[in-house]
Every structure is written in structure tokens, then in C-alpha cells.
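Source file: model-v1.cif (mmCIF, C-alpha atoms)
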```cif
data_start
#
loop_
_atom_site.group_PDB
_atom_site.id
_atom_site.type_symbol
_atom_site.label_atom_id
_atom_site.label_comp_id
_atom_site.auth_asym_id
_atom_site.auth_seq_id
_atom_site.Cartn_x
_atom_site.Cartn_y
_atom_site.Cartn_z
ATOM 1 C CA MET A 1 -67.432 -46.044 17.280
ATOM 2 C CA LYS A 2 -70.003 -48.023 15.272
ATOM 3 C CA SER A 3 -69.016 -51.609 14.517
ATOM 4 C CA GLU A 4 -69.277 -51.186 10.724
ATOM 5 C CA LYS A 5 -66.625 -48.454 10.851
ATOM 6 C CA LEU A 6 -64.251 -50.847 12.625
ATOM 7 C CA THR A 7 -64.164 -53.014 9.484
ATOM 8 C CA HIS A 8 -63.076 -50.162 7.205
ATOM 9 C CA THR A 9 -59.460 -50.742 6.170
ATOM 10 C CA GLY A 10 -58.477 -47.116 6.823
ATOM 11 C CA ILE A 11 -59.851 -47.226 10.384
ATOM 12 C CA VAL A 12 -58.243 -50.620 11.002
ATOM 13 C CA ALA A 13 -54.910 -49.258 9.743
ATOM 14 C CA LEU A 14 -55.087 -46.157 11.964
ATOM 15 C CA LEU A 15 -56.028 -48.024 15.143
ATOM 16 C CA ALA A 16 -53.536 -50.823 14.445
ATOM 17 C CA LEU A 17 -50.805 -48.206 13.965
ATOM 18 C CA VAL A 18 -51.619 -46.760 17.401
ATOM 19 C CA CYS A 19 -51.196 -50.250 18.877
ATOM 20 C CA CYS A 20 -47.914 -50.778 17.043
ATOM 21 C CA VAL A 21 -46.466 -47.446 18.168
ATOM 22 C CA LEU A 22 -47.257 -48.384 21.769
ATOM 23 C CA TRP A 23 -45.888 -51.914 21.424
ATOM 24 C CA GLY A 24 -42.855 -50.642 19.503
ATOM 25 C CA SER A 25 -41.921 -48.471 22.469
ATOM 26 C CA ALA A 26 -42.073 -51.465 24.814
ATOM 27 C CA PHE A 27 -38.871 -53.077 23.420
ATOM 28 C CA SER A 28 -36.703 -50.348 24.906
ATOM 29 C CA GLY A 29 -39.005 -49.960 27.916
ATOM 30 C CA VAL A 30 -38.394 -53.521 29.090
ATOM 31 C CA LYS A 31 -34.621 -53.147 28.630
ATOM 32 C CA LEU A 32 -34.668 -49.863 30.578
ATOM 33 C CA GLY A 33 -36.706 -51.591 33.262
ATOM 34 C CA TYR A 34 -34.134 -54.363 33.621
ATOM 35 C CA ALA A 35 -31.390 -51.786 34.110
ATOM 36 C CA GLU A 36 -33.300 -49.539 36.536
ATOM 37 C CA MET A 37 -34.626 -52.443 38.627
ATOM 38 C CA GLN A 38 -31.202 -54.138 38.624
ATOM 39 C CA ILE A 39 -32.465 -57.363 37.060
ATOM 40 C CA ALA A 40 -29.696 -59.567 35.636
ATOM 41 C CA SER A 41 -30.171 -61.513 32.397
ATOM 42 C CA GLN A 42 -29.996 -64.830 34.274
ATOM 43 C CA ASP A 43 -32.427 -63.752 37.028
ATOM 44 C CA TRP A 44 -35.555 -65.243 35.461
ATOM 45 C CA ALA A 45 -37.514 -65.136 38.748
ATOM 46 C CA SER A 46 -37.205 -61.334 38.999
ATOM 47 C CA GLN A 47 -38.063 -61.082 35.295
ATOM 48 C CA MET A 48 -41.296 -62.958 36.053
ATOM 49 C CA VAL A 49 -42.075 -60.621 38.956
ATOM 50 C CA PHE A 50 -41.480 -57.622 36.660
ATOM 51 C CA ALA A 51 -43.784 -59.077 34.008
ATOM 52 C CA GLY A 52 -46.394 -60.161 36.535
ATOM 53 C CA VAL A 53 -46.656 -56.790 38.264
ATOM 54 C CA ARG A 54 -46.793 -55.047 34.874
ATOM 55 C CA PHE A 55 -49.653 -57.166 33.564
ATOM 56 C CA PHE A 56 -51.601 -57.202 36.808
ATOM 57 C CA ILE A 57 -51.598 -53.399 36.770
ATOM 58 C CA ALA A 58 -52.477 -53.469 33.053
ATOM 59 C CA GLY A 59 -55.518 -55.621 33.852
ATOM 60 C CA ILE A 60 -56.695 -53.190 36.528
ATOM 61 C CA MET A 61 -56.219 -50.279 34.105
ATOM 62 C CA ALA A 62 -58.197 -51.995 31.323
ATOM 63 C CA LEU A 63 -61.055 -53.039 33.606
ATOM 64 C CA THR A 64 -61.272 -49.598 35.217
ATOM 65 C CA ALA A 65 -61.346 -47.791 31.875
ATOM 66 C CA GLY A 66 -63.841 -50.280 30.436
ATOM 67 C CA SER A 67 -66.142 -50.045 33.456
ATOM 68 C CA ILE A 68 -66.134 -46.246 33.283
ATOM 69 C CA THR A 69 -66.801 -46.270 29.525
ATOM 70 C CA GLU A 70 -69.666 -48.778 29.761
ATOM 71 C CA LYS A 71 -70.956 -47.341 33.061
ATOM 72 C CA LYS A 72 -71.006 -50.758 34.731
ATOM 73 C CA LEU A 73 -68.527 -53.104 36.371
ATOM 74 C CA LEU A 74 -66.977 -55.560 33.915
ATOM 75 C CA ILE A 75 -67.652 -58.789 35.810
ATOM 76 C CA PRO A 76 -67.306 -62.057 33.842
ATOM 77 C CA GLN A 77 -70.190 -64.502 33.680
ATOM 78 C CA LYS A 78 -69.679 -68.151 34.598
ATOM 79 C CA GLN A 79 -69.181 -69.323 30.994
ATOM 80 C CA THR A 80 -66.644 -66.536 30.369
ATOM 81 C CA ILE A 81 -64.216 -67.578 33.124
ATOM 82 C CA PRO A 82 -62.641 -70.582 31.299
ATOM 83 C CA ARG A 83 -62.303 -68.431 28.150
ATOM 84 C CA ILE A 84 -60.401 -65.857 30.175
ATOM 85 C CA GLY A 85 -58.167 -68.663 31.403
ATOM 86 C CA VAL A 86 -57.392 -69.880 27.881
ATOM 87 C CA ILE A 87 -56.524 -66.413 26.556
ATOM 88 C CA SER A 88 -54.512 -65.603 29.673
ATOM 89 C CA LEU A 89 -52.511 -68.820 29.261
ATOM 90 C CA PHE A 90 -51.439 -67.940 25.713
ATOM 91 C CA GLN A 91 -51.448 -64.119 25.707
ATOM 92 C CA THR A 92 -49.880 -63.393 29.077
ATOM 93 C CA ILE A 93 -48.484 -66.418 30.913
ATOM 94 C CA LEU A 94 -46.811 -68.366 28.082
ATOM 95 C CA GLN A 95 -46.112 -65.483 25.693
ATOM 96 C CA TYR A 96 -44.417 -63.263 28.239
ATOM 97 C CA PHE A 97 -42.749 -66.072 30.170
ATOM 98 C CA PHE A 98 -40.891 -66.836 26.933
ATOM 99 C CA TYR A 99 -40.582 -63.154 25.927
ATOM 100 C CA TYR A 100 -39.026 -61.780 29.122
ATOM 101 C CA ILE A 101 -36.512 -64.605 29.494
ATOM 102 C CA GLY A 102 -35.779 -64.677 25.756
ATOM 103 C CA LEU A 103 -35.246 -60.918 25.493
ATOM 104 C CA ALA A 104 -32.749 -61.049 28.349
ATOM 105 C CA ASN A 105 -30.708 -63.675 26.475
ATOM 106 C CA THR A 106 -30.665 -62.391 22.893
ATOM 107 C CA SER A 107 -30.164 -59.113 21.058
ATOM 108 C CA GLY A 108 -32.986 -56.677 20.429
ATOM 109 C CA THR A 109 -32.231 -57.002 16.707
ATOM 110 C CA LYS A 110 -32.892 -60.728 16.552
ATOM 111 C CA ALA A 111 -35.844 -60.447 18.939
ATOM 112 C CA ALA A 112 -37.500 -57.889 16.634
ATOM 113 C CA ILE A 113 -37.158 -60.203 13.633
ATOM 114 C CA ILE A 114 -38.380 -63.325 15.425
ATOM 115 C CA VAL A 115 -41.291 -61.506 17.102
ATOM 116 C CA ALA A 116 -42.446 -60.309 13.667
ATOM 117 C CA ALA A 117 -43.017 -63.974 12.811
ATOM 118 C CA ASN A 118 -46.114 -63.913 15.044
ATOM 119 C CA VAL A 119 -47.965 -62.550 12.008
ATOM 120 C CA PHE A 120 -47.277 -65.804 10.155
ATOM 121 C CA ALA A 121 -48.199 -67.829 13.242
ATOM 122 C CA ALA A 122 -51.556 -66.087 13.697
ATOM 123 C CA ILE A 123 -52.528 -66.419 10.021
ATOM 124 C CA PHE A 124 -51.505 -70.096 9.761
ATOM 125 C CA ILE A 125 -53.203 -70.988 13.062
ATOM 126 C CA SER A 126 -56.407 -69.171 12.040
ATOM 127 C CA GLY A 127 -56.341 -71.219 8.835
ATOM 128 C CA ALA A 128 -55.871 -74.434 10.819
ATOM 129 C CA PHE A 129 -58.875 -73.473 12.985
ATOM 130 C CA HIS A 130 -60.909 -72.758 9.812
ATOM 131 C CA GLN A 131 -61.520 -69.154 10.833
ATOM 132 C CA GLU A 132 -60.489 -67.953 7.376
ATOM 133 C CA ALA A 133 -58.943 -69.280 4.185
ATOM 134 C CA LEU A 134 -55.138 -69.350 3.901
ATOM 135 C CA THR A 135 -54.628 -67.895 0.428
ATOM 136 C CA LEU A 136 -51.542 -67.419 -1.725
ATOM 137 C CA LYS A 137 -52.138 -63.642 -1.544
ATOM 138 C CA LYS A 138 -51.829 -63.692 2.239
ATOM 139 C CA ILE A 139 -48.658 -65.795 2.134
ATOM 140 C CA ILE A 140 -47.051 -63.467 -0.433
ATOM 141 C CA GLY A 141 -48.073 -60.373 1.542
ATOM 142 C CA CYS A 142 -46.583 -61.811 4.738
ATOM 143 C CA ALA A 143 -43.359 -62.748 2.952
ATOM 144 C CA VAL A 144 -42.982 -59.234 1.516
ATOM 145 C CA GLY A 145 -43.654 -57.603 4.895
ATOM 146 C CA PHE A 146 -41.295 -59.933 6.730
ATOM 147 C CA SER A 147 -38.513 -59.179 4.251
ATOM 148 C CA GLY A 148 -38.729 -55.546 5.351
ATOM 149 C CA ILE A 149 -38.236 -56.533 9.007
ATOM 150 C CA VAL A 150 -35.192 -58.620 8.102
ATOM 151 C CA LEU A 151 -33.734 -55.792 6.000
ATOM 152 C CA ILE A 152 -33.918 -53.089 8.669
ATOM 153 C CA ASN A 153 -32.383 -55.413 11.265
ATOM 154 C CA PHE A 154 -29.734 -57.003 9.037
ATOM 155 C CA VAL A 155 -26.761 -54.818 9.987
ATOM 156 C CA GLY A 156 -24.951 -56.371 12.923
ATOM 157 C CA LEU A 157 -27.147 -59.446 12.848
ATOM 158 C CA ASP A 158 -25.357 -62.670 13.723
ATOM 159 C CA PHE A 159 -26.770 -66.040 12.835
ATOM 160 C CA HIS A 160 -25.834 -67.842 16.044
ATOM 161 C CA LEU A 161 -29.039 -69.112 17.638
ATOM 162 C CA ASN A 162 -29.539 -70.182 21.249
ATOM 163 C CA LEU A 163 -32.526 -71.931 22.805
ATOM 164 C CA LEU A 164 -32.866 -69.759 25.910
ATOM 165 C CA GLY A 165 -32.829 -66.553 23.861
ATOM 166 C CA ASP A 166 -33.923 -67.005 20.245
ATOM 167 C CA GLY A 167 -35.779 -70.253 20.925
ATOM 168 C CA PHE A 168 -37.859 -68.707 23.691
ATOM 169 C CA ILE A 169 -38.674 -65.650 21.547
ATOM 170 C CA PHE A 170 -39.923 -68.011 18.821
ATOM 171 C CA LEU A 171 -42.144 -69.876 21.309
ATOM 172 C CA CYS A 172 -43.433 -66.448 22.372
ATOM 173 C CA THR A 173 -44.620 -65.817 18.793
ATOM 174 C CA ILE A 174 -46.473 -69.157 18.680
ATOM 175 C CA ALA A 175 -48.283 -68.324 21.927
ATOM 176 C CA SER A 176 -49.175 -64.898 20.515
ATOM 177 C CA GLY A 177 -50.627 -66.513 17.391
ATOM 178 C CA PHE A 178 -52.901 -68.783 19.434
ATOM 179 C CA SER A 179 -53.951 -65.802 21.557
ATOM 180 C CA SER A 180 -55.154 -63.865 18.491
ATOM 181 C CA VAL A 181 -57.112 -66.855 17.204
ATOM 182 C CA PHE A 182 -58.834 -67.531 20.527
ATOM 183 C CA MET A 183 -59.624 -63.843 21.038
ATOM 184 C CA LYS A 184 -61.212 -63.757 17.568
ATOM 185 C CA ARG A 185 -63.207 -66.912 18.353
ATOM 186 C CA TYR A 186 -64.531 -65.761 21.708
ATOM 187 C CA THR A 187 -65.396 -62.196 20.701
ATOM 188 C CA GLY A 188 -66.684 -63.097 17.229
ATOM 189 C CA ILE A 189 -68.590 -66.368 17.686
ATOM 190 C CA TYR A 190 -69.529 -66.062 21.368
ATOM 191 C CA HIS A 191 -69.854 -62.244 21.373
ATOM 192 C CA GLU A 192 -67.696 -61.747 24.463
ATOM 193 C CA ASN A 193 -66.682 -58.215 25.460
ATOM 194 C CA PRO A 194 -63.068 -57.789 24.212
ATOM 195 C CA VAL A 195 -62.117 -55.261 26.912
ATOM 196 C CA LEU A 196 -63.507 -57.522 29.646
ATOM 197 C CA LEU A 197 -61.506 -60.461 28.271
ATOM 198 C CA SER A 198 -58.371 -58.329 27.933
ATOM 199 C CA GLY A 199 -58.565 -56.873 31.421
ATOM 200 C CA TRP A 200 -59.304 -60.092 33.275
ATOM 201 C CA GLN A 201 -56.796 -62.184 31.337
ATOM 202 C CA PHE A 202 -54.063 -59.634 32.126
ATOM 203 C CA ALA A 203 -55.004 -59.502 35.814
ATOM 204 C CA PHE A 204 -55.133 -63.306 36.148
ATOM 205 C CA GLY A 205 -52.021 -63.952 34.061
ATOM 206 C CA GLY A 206 -50.102 -61.193 35.807
ATOM 207 C CA ALA A 207 -50.998 -62.582 39.249
ATOM 208 C CA VAL A 208 -49.815 -66.078 38.226
ATOM 209 C CA MET A 209 -46.476 -64.765 36.896
ATOM 210 C CA TRP A 210 -45.998 -62.478 39.918
ATOM 211 C CA LEU A 211 -46.613 -65.377 42.322
ATOM 212 C CA LEU A 212 -44.378 -67.753 40.340
ATOM 213 C CA GLY A 213 -41.498 -65.265 40.338
ATOM 214 C CA ALA A 214 -41.893 -64.354 44.006
ATOM 215 C CA VAL A 215 -42.017 -67.993 45.172
ATOM 216 C CA CYS A 216 -38.799 -68.634 43.230
ATOM 217 C CA GLY A 217 -37.033 -65.720 44.936
ATOM 218 C CA GLY A 218 -37.635 -62.900 42.464
ATOM 219 C CA SER A 219 -37.778 -59.275 43.590
ATOM 220 C CA LEU A 220 -37.744 -55.739 42.169
ATOM 221 C CA HIS A 221 -35.670 -52.699 43.077
ATOM 222 C CA LEU A 222 -38.366 -50.041 42.689
ATOM 223 C CA THR A 223 -37.198 -46.445 42.357
ATOM 224 C CA ALA A 224 -39.336 -43.520 41.237
ATOM 225 C CA LYS A 225 -38.017 -43.980 37.681
ATOM 226 C CA ALA A 226 -38.695 -47.723 37.864
ATOM 227 C CA TRP A 227 -42.326 -46.989 38.789
ATOM 228 C CA GLU A 228 -42.619 -44.629 35.810
ATOM 229 C CA ILE A 229 -41.333 -47.350 33.471
ATOM 230 C CA LEU A 230 -43.589 -49.977 35.064
ATOM 231 C CA LEU A 231 -46.729 -47.843 34.839
ATOM 232 C CA TYR A 232 -45.978 -46.857 31.247
ATOM 233 C CA LEU A 233 -45.469 -50.480 30.191
ATOM 234 C CA SER A 234 -48.705 -51.408 31.982
ATOM 235 C CA PHE A 235 -50.540 -48.693 30.052
ATOM 236 C CA VAL A 236 -49.025 -49.941 26.789
ATOM 237 C CA SER A 237 -50.390 -53.433 27.432
ATOM 238 C CA ALA A 238 -53.820 -52.319 28.649
ATOM 239 C CA ALA A 239 -54.467 -49.820 25.846
ATOM 240 C CA ALA A 240 -52.859 -51.623 22.902
ATOM 241 C CA TYR A 241 -54.133 -55.142 23.544
ATOM 242 C CA SER A 242 -57.678 -54.015 24.393
ATOM 243 C CA LEU A 243 -57.813 -52.011 21.160
ATOM 244 C CA TRP A 244 -56.275 -54.936 19.224
ATOM 245 C CA ALA A 245 -58.942 -57.251 20.677
ATOM 246 C CA VAL A 246 -61.693 -54.909 19.496
ATOM 247 C CA LEU A 247 -60.216 -54.968 15.967
ATOM 248 C CA LEU A 248 -60.033 -58.790 16.024
ATOM 249 C CA LYS A 249 -63.687 -58.956 17.059
ATOM 250 C CA HIS A 250 -64.806 -57.143 13.899
ATOM 251 C CA ASN A 251 -62.207 -58.288 11.323
ATOM 252 C CA PRO A 252 -60.499 -61.425 9.980
ATOM 253 C CA VAL A 253 -57.326 -62.371 11.866
ATOM 254 C CA SER A 254 -55.109 -61.782 8.804
ATOM 255 C CA LYS A 255 -56.480 -58.285 8.188
ATOM 256 C CA VAL A 256 -55.472 -57.202 11.691
ATOM 257 C CA THR A 257 -52.368 -59.233 12.532
ATOM 258 C CA VAL A 258 -50.509 -58.300 9.333
ATOM 259 C CA PHE A 259 -50.150 -54.811 10.820
ATOM 260 C CA GLY A 260 -47.975 -56.470 13.450
ATOM 261 C CA PHE A 261 -45.109 -56.089 10.981
ATOM 262 C CA LEU A 262 -45.151 -52.416 11.974
ATOM 263 C CA ASN A 263 -44.214 -53.266 15.588
ATOM 264 C CA PRO A 264 -40.436 -53.577 15.093
ATOM 265 C CA MET A 265 -40.542 -50.771 12.509
ATOM 266 C CA CYS A 266 -42.102 -48.483 15.116
ATOM 267 C CA GLY A 267 -39.530 -49.656 17.637
ATOM 268 C CA VAL A 268 -36.655 -48.716 15.333
ATOM 269 C CA ILE A 269 -38.195 -45.331 14.450
ATOM 270 C CA ILE A 270 -38.846 -44.495 18.123
ATOM 271 C CA SER A 271 -35.257 -45.458 18.941
ATOM 272 C CA GLY A 272 -34.078 -43.151 16.153
ATOM 273 C CA ILE A 273 -36.028 -40.206 17.580
ATOM 274 C CA VAL A 274 -35.549 -40.801 21.309
ATOM 275 C CA LEU A 275 -32.156 -42.532 21.432
ATOM 276 C CA HIS A 276 -30.729 -40.873 18.285
ATOM 277 C CA GLU A 277 -30.133 -44.201 16.561
ATOM 278 C CA SER A 278 -30.048 -43.858 12.792
ATOM 279 C CA GLY A 279 -31.370 -47.258 11.671
ATOM 280 C CA ALA A 280 -34.789 -45.964 10.594
ATOM 281 C CA PHE A 281 -33.425 -43.098 8.533
ATOM 282 C CA THR A 282 -31.045 -44.959 6.213
ATOM 283 C CA TRP A 283 -31.833 -46.385 2.785
ATOM 284 C CA GLN A 284 -32.403 -49.701 4.532
ATOM 285 C CA GLY A 285 -34.928 -48.192 6.912
ATOM 286 C CA ILE A 286 -36.874 -46.446 4.153
ATOM 287 C CA THR A 287 -36.832 -49.534 1.910
ATOM 288 C CA ALA A 288 -37.917 -51.730 4.806
ATOM 289 C CA LEU A 289 -40.865 -49.450 5.559
ATOM 290 C CA ILE A 290 -41.913 -49.596 1.901
ATOM 291 C CA LEU A 291 -41.745 -53.413 1.945
ATOM 292 C CA VAL A 292 -43.761 -53.625 5.164
ATOM 293 C CA CYS A 293 -46.446 -51.294 3.771
ATOM 294 C CA ALA A 294 -46.500 -53.290 0.522
ATOM 295 C CA GLY A 295 -47.033 -56.526 2.434
ATOM 296 C CA ILE A 296 -49.898 -55.003 4.411
ATOM 297 C CA PHE A 297 -51.472 -53.717 1.181
ATOM 298 C CA ILE A 298 -51.214 -57.119 -0.524
ATOM 299 C CA VAL A 299 -52.950 -58.912 2.361
ATOM 300 C CA ASN A 300 -55.725 -56.309 2.592
ATOM 301 C CA PHE A 301 -56.249 -55.603 -1.113
ATOM 302 C CA GLU A 302 -59.767 -56.357 -2.283
ATOM 303 C CA LYS A 303 -61.094 -56.162 -5.822
ATOM 304 C CA LYS A 304 -64.458 -54.471 -6.176
ATOM 305 C CA GLY A 305 -67.286 -56.909 -5.858
ATOM 306 C CA ILE A 306 -65.034 -59.643 -4.438
ATOM 307 C CA GLN A 307 -64.736 -60.232 -0.709
ATOM 308 C CA MET A 308 -61.171 -61.418 -0.211
ATOM 309 C CA HIS A 309 -61.451 -62.207 3.512
ATOM 310 C CA GLU A 310 -63.742 -65.166 4.013
ATOM 311 C CA VAL A 311 -64.444 -66.066 7.615
ATOM 312 C CA SER A 312 -66.023 -69.431 8.212
#
```
File written out as C-alpha cells:
Amino acid sequence: MKSEKLTHTGIVALLALVCCVLWGSAFSGVKLGYAEMQIASQDWASQMVFAGVRFFIAGIMALTAGSITEKKLLIPQKQTIPRIGVISLFQTILQYFFYYIGLANTSGTKAAIIVAANVFAAIFISGAFHQEALTLKKIIGCAVGFSGIVLINFVGLDFHLNLLGDGFIFLCTIASGFSSVFMKRYTGIYHENPVLLSGWQFAFGGAVMWLLGAVCGGSLHLTAKAWEILLYLSFVSAAAYSLWAVLLKHNPVSKVTVFGFLNPMCGVIISGIVLHESGAFTWQGITALILVCAGIFIVNFEKKGIQMHEVS
């Protein structure tokens, strides 16, 4: 696809929706993986092995697909290696260290709400790094979209917070925000290949997490079903994040990351279809979807003749 098409809001929306559908399915996938692999909520070492194996495989998938598409091996140059390390630190090692442990110690409802805050984190961090202006329009759009996430998750939500669960999920969102900003910087300013960065950062980060978990006594009970879950989650990471990185290369951070509000929405809708949960099909679900779409529209709305997304 030509690069100018990747800046068209309709194309961005379609490709971002694909990413969000994939990521939305991962909430239940990780929980199913814990159950099938017999990983207890307090067994953080096995959770790290699970995450590490998943992301290592995701890296191999992304690099294989990218090499086939570009008809050459995606080998990083010397100056690219430290950039891979930085993205891997935030996107894979820190984000999913906090995510896997946090998800095992809090409800999926609260995790969905807190994870949605990564949109705010990415936009504020990009403003702090002077990648784009932090405007009132973006803040209002984010607030409207976030209100939709809160609404659809409000039933059954308790307001008791714990550091190991909710606190770790919040730290996960901060790491995700930095990851988006650095990916934008490296692919936009330094013209790095987004698929190469995605693949290698997953492979490196996954290997580090796998080794950390194994050294600390972690292990997996791998059945045929467990392998299916593991391979699917690896595909989700490889496909969604590589595509997300391509969108970040060609667009302002806010224009892309605001679609992240669709992640928990997609998760709820998929649960409604697959697990016959009704949350997405109530008045709350419909209203929440409208609010999320309104927030995305506000952030991406541009008057004719005025470029609303200024990237410095």
C-alpha cells in the first residue's frame, strides 16, 4: 500500500480496527492460557515464561512474514540495535511484565478500563517529546472516548485498588505510551523499518522474559489446546503490533493511538459473541460504543484547509 494512503483517516480507521479486534481477543486468550497451562495467579515466574515464549514466537512470525514480503532477510544494522533494545524494553519487557502479573491479580473489567488509559499516556508523552501539539481538542476527544470504556465496564466494578493488580496494569499503560512514542520517532525521523523493529524487539524481549521466568522456576504445562492458544496469541502480537507500527510511521501518535479505545470494546463484543456475555448488547454497550466513536472523531476531525495534526 502506498504511504500516502496510510495517512487517510478511513484507511487508518480500518487498519486500526483490525489491530483492536486482534488485541481485544487477547484478554480472554491470556486468561484461557492461564487455565489450560495450570498457571496460578501468584506464579509470576510461569507467567513470565508464558509471556516470553509467546513474544519470542511472535518475533519469529513477524520477521518471517516481513522477510518473505520484502524478499530479503530483515537483519538490523549496527545503529538499529540499540533502538530495538529501547522499544523492546518498553513494548515487551516492561509492558508485559506488568500486564501479565497485573491481569492475574485484578478483574478483567478493571484491567480493560486501566489499559484504555494508554491512549492518554501516549498522547501526553508525545506532547512532552514535542512530537505533536497537545491540544484541547485531543484532550476532550480522549475524555469522551474514555467515558465510554468506563460506562461499558461499570456494572460489577468495585473501587478497591491494589498495587500488584491495578497498579501494575497502570504501569503497563505508561510503558505502552513510551513504546508508541519511540516507535514513531525511530520509524518517522530515522526511517527504520517498522516490521523489522517489531519482529526483533519481540524476539529479544520475549527471550529476556522467558529466561527470567525459567531461572526463577517458571514452567508451562503444554497441551495441544495450550499450543493453539499460545500460537494464536503470538499471531495476535506479531500481526497487530507490526501493523500498528506501520500506522505510527505515517501518522501522528494521537491519530493512531486514540483508536486504542476500541480495544476493550472489541474485547467485550467478542466475549458477547463467543462466550455469550451480554455486556456489548445492552443500552450501556451501545452508548459506550457511540461515546468511543465520538471521541475518535473529535481527535481526528480536521476542518478543510487546516491541518489539525502538527508534528514537529
For this file, the PyMOL selection byres ((chain A and resi 120) around 12) selects which residues, as a ChimeraX atom specification? /A:114-119,121-127,134,138-146,170,173-174,176-178,180,253-254,256-261,299
What's around Gly52 (chain A) at 8 Å? Count all atoms listed in the file, leave out sequence neighbours fewer than 6 positions away in its own chain, and write the answer as a count of residues only. 7
Selection result of the PyMOL selection byres ((chain A and resi 102) around 6) on this file, as a ChimeraX atom specification: /A:98-101,103-105,164-165,168-169
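Distances to Val49 (chain A) were evaluated for A:Gly148, A:Gly295, A:Gly85, A:Gly33 using only C-alpha atoms, and the minimum falls at A:Gly33.
Contact shell of region 63-68 of chain A at 9 Å (all atoms listed in the file; same-chain neighbours under 2 positions omitted): Ala58, Gly59, Ile60, Met61, Glu70, Lys71, Lys72, Leu73, Leu74, Val195, Leu196, Ser198, Gly199, Trp200 and Ala238 of chain A.
CA of Ile149 (chain A) sits 27.1 Å away from CA of Phe55 (chain A).
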Ile87 (chain A): which residues within 8 Å, counting all atoms listed in the file, same-chain residues fewer than 6 positions away excluded, as a ChimeraX atom specification? /A:179,182-183,197,201
Using only C-alpha atoms for the distances, tell me which of A:Lys137, A:Glu4, A:Lys110, A:Leu222 is nearest to Phe297 (chain A). A:Lys137
Starting from the displayed file, determine the output of the PyMOL selection byres ((chain A and resi 5-9) around 8) and express the residue list as a ChimeraX atom specification. /A:1-4,10-13,247,250-251,300
Which value, in Å to one decimal, gives the distance between CA of Gly217 (chain A) and CA of Ile229 (chain A)? 22.1 Å
Axis-aligned box over every listed atom of region 188-200 of chain A, padded by 5 Å per side: centre and edges in Å to one decimal, as JSON?
```
{"center_x": -64.1, "center_y": -60.8, "center_z": 25.3, "size_x": 21.5, "size_y": 21.1, "size_z": 26.0}
```
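In this structure, CA of Ala226 (chain A) sits 26.8 Å away from CA of Leu17 (chain A).
Considering only C-alpha atoms, the residue among A:Phe301, A:Phe235, A:Trp244, A:Trp283 positioned nearest to Ala26 (chain A) is A:Phe235.
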Between A:Tyr186, A:Glu192, A:Gly267, A:Ala214, which has the minimum distance to Ile75 (chain A) (counting all atoms listed in the file)? A:Glu192
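Each of A:Leu248, A:Val53, A:Leu233, A:Ala175 was checked against Val30 (chain A) using all atoms listed in the file; the smallest atom-to-atom distance is that of A:Leu233.
Residues in contact range of Ser28 (chain A), defined as at most 8 Å between all atoms listed in the file, with sequence neighbours fewer than 3 positions away removed, read Ser25, Lys31, Leu32, Gly267 and Ser271 of chain A.
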Since the input has fewer atoms than a full residue there, write region 96-110 of chain A out with N, CA and C atoms, as a short mmCIF file (atom, residue, chain, number, x, y, z; two decimals), in the coordinates of the input.
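Contents of the output file out_4.cif:
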```
data_model
loop_
_atom_site.label_atom_id
_atom_site.label_comp_id
_atom_site.auth_asym_id
_atom_site.auth_seq_id
_atom_site.Cartn_x
_atom_site.Cartn_y
_atom_site.Cartn_z
N TYR A 96 -45.37 -64.14 27.57
CA TYR A 96 -44.42 -63.26 28.24
C TYR A 96 -43.44 -64.00 29.14
N PHE A 97 -43.76 -65.24 29.52
CA PHE A 97 -42.75 -66.07 30.17
C PHE A 97 -41.59 -66.26 29.20
N PHE A 98 -41.92 -66.65 27.95
CA PHE A 98 -40.89 -66.84 26.93
C PHE A 98 -40.26 -65.51 26.51
N TYR A 99 -41.08 -64.44 26.42
CA TYR A 99 -40.58 -63.15 25.93
C TYR A 99 -39.57 -62.52 26.89
N TYR A 100 -39.90 -62.46 28.17
CA TYR A 100 -39.03 -61.78 29.12
C TYR A 100 -37.70 -62.51 29.29
N ILE A 101 -37.75 -63.84 29.37
CA ILE A 101 -36.51 -64.60 29.49
C ILE A 101 -35.73 -64.56 28.18
N GLY A 102 -36.44 -64.70 27.05
CA GLY A 102 -35.78 -64.68 25.76
C GLY A 102 -35.11 -63.35 25.46
N LEU A 103 -35.80 -62.24 25.77
CA LEU A 103 -35.25 -60.92 25.49
C LEU A 103 -33.99 -60.65 26.32
N ALA A 104 -33.93 -61.24 27.50
CA ALA A 104 -32.75 -61.05 28.35
C ALA A 104 -31.56 -61.86 27.86
N ASN A 105 -31.78 -62.79 26.92
CA ASN A 105 -30.71 -63.68 26.48
C ASN A 105 -30.46 -63.63 24.97
N THR A 106 -30.95 -62.58 24.31
CA THR A 106 -30.66 -62.39 22.89
C THR A 106 -30.63 -60.89 22.61
N SER A 107 -30.23 -60.54 21.41
CA SER A 107 -30.16 -59.11 21.06
C SER A 107 -31.55 -58.59 20.68
N GLY A 108 -31.73 -57.30 20.83
CA GLY A 108 -32.99 -56.68 20.43
C GLY A 108 -33.23 -56.82 18.94
N THR A 109 -32.13 -56.85 18.16
CA THR A 109 -32.23 -57.00 16.71
C THR A 109 -32.89 -58.32 16.34
N LYS A 110 -32.33 -59.42 16.88
CA LYS A 110 -32.89 -60.73 16.55
C LYS A 110 -34.29 -60.90 17.14
#
```
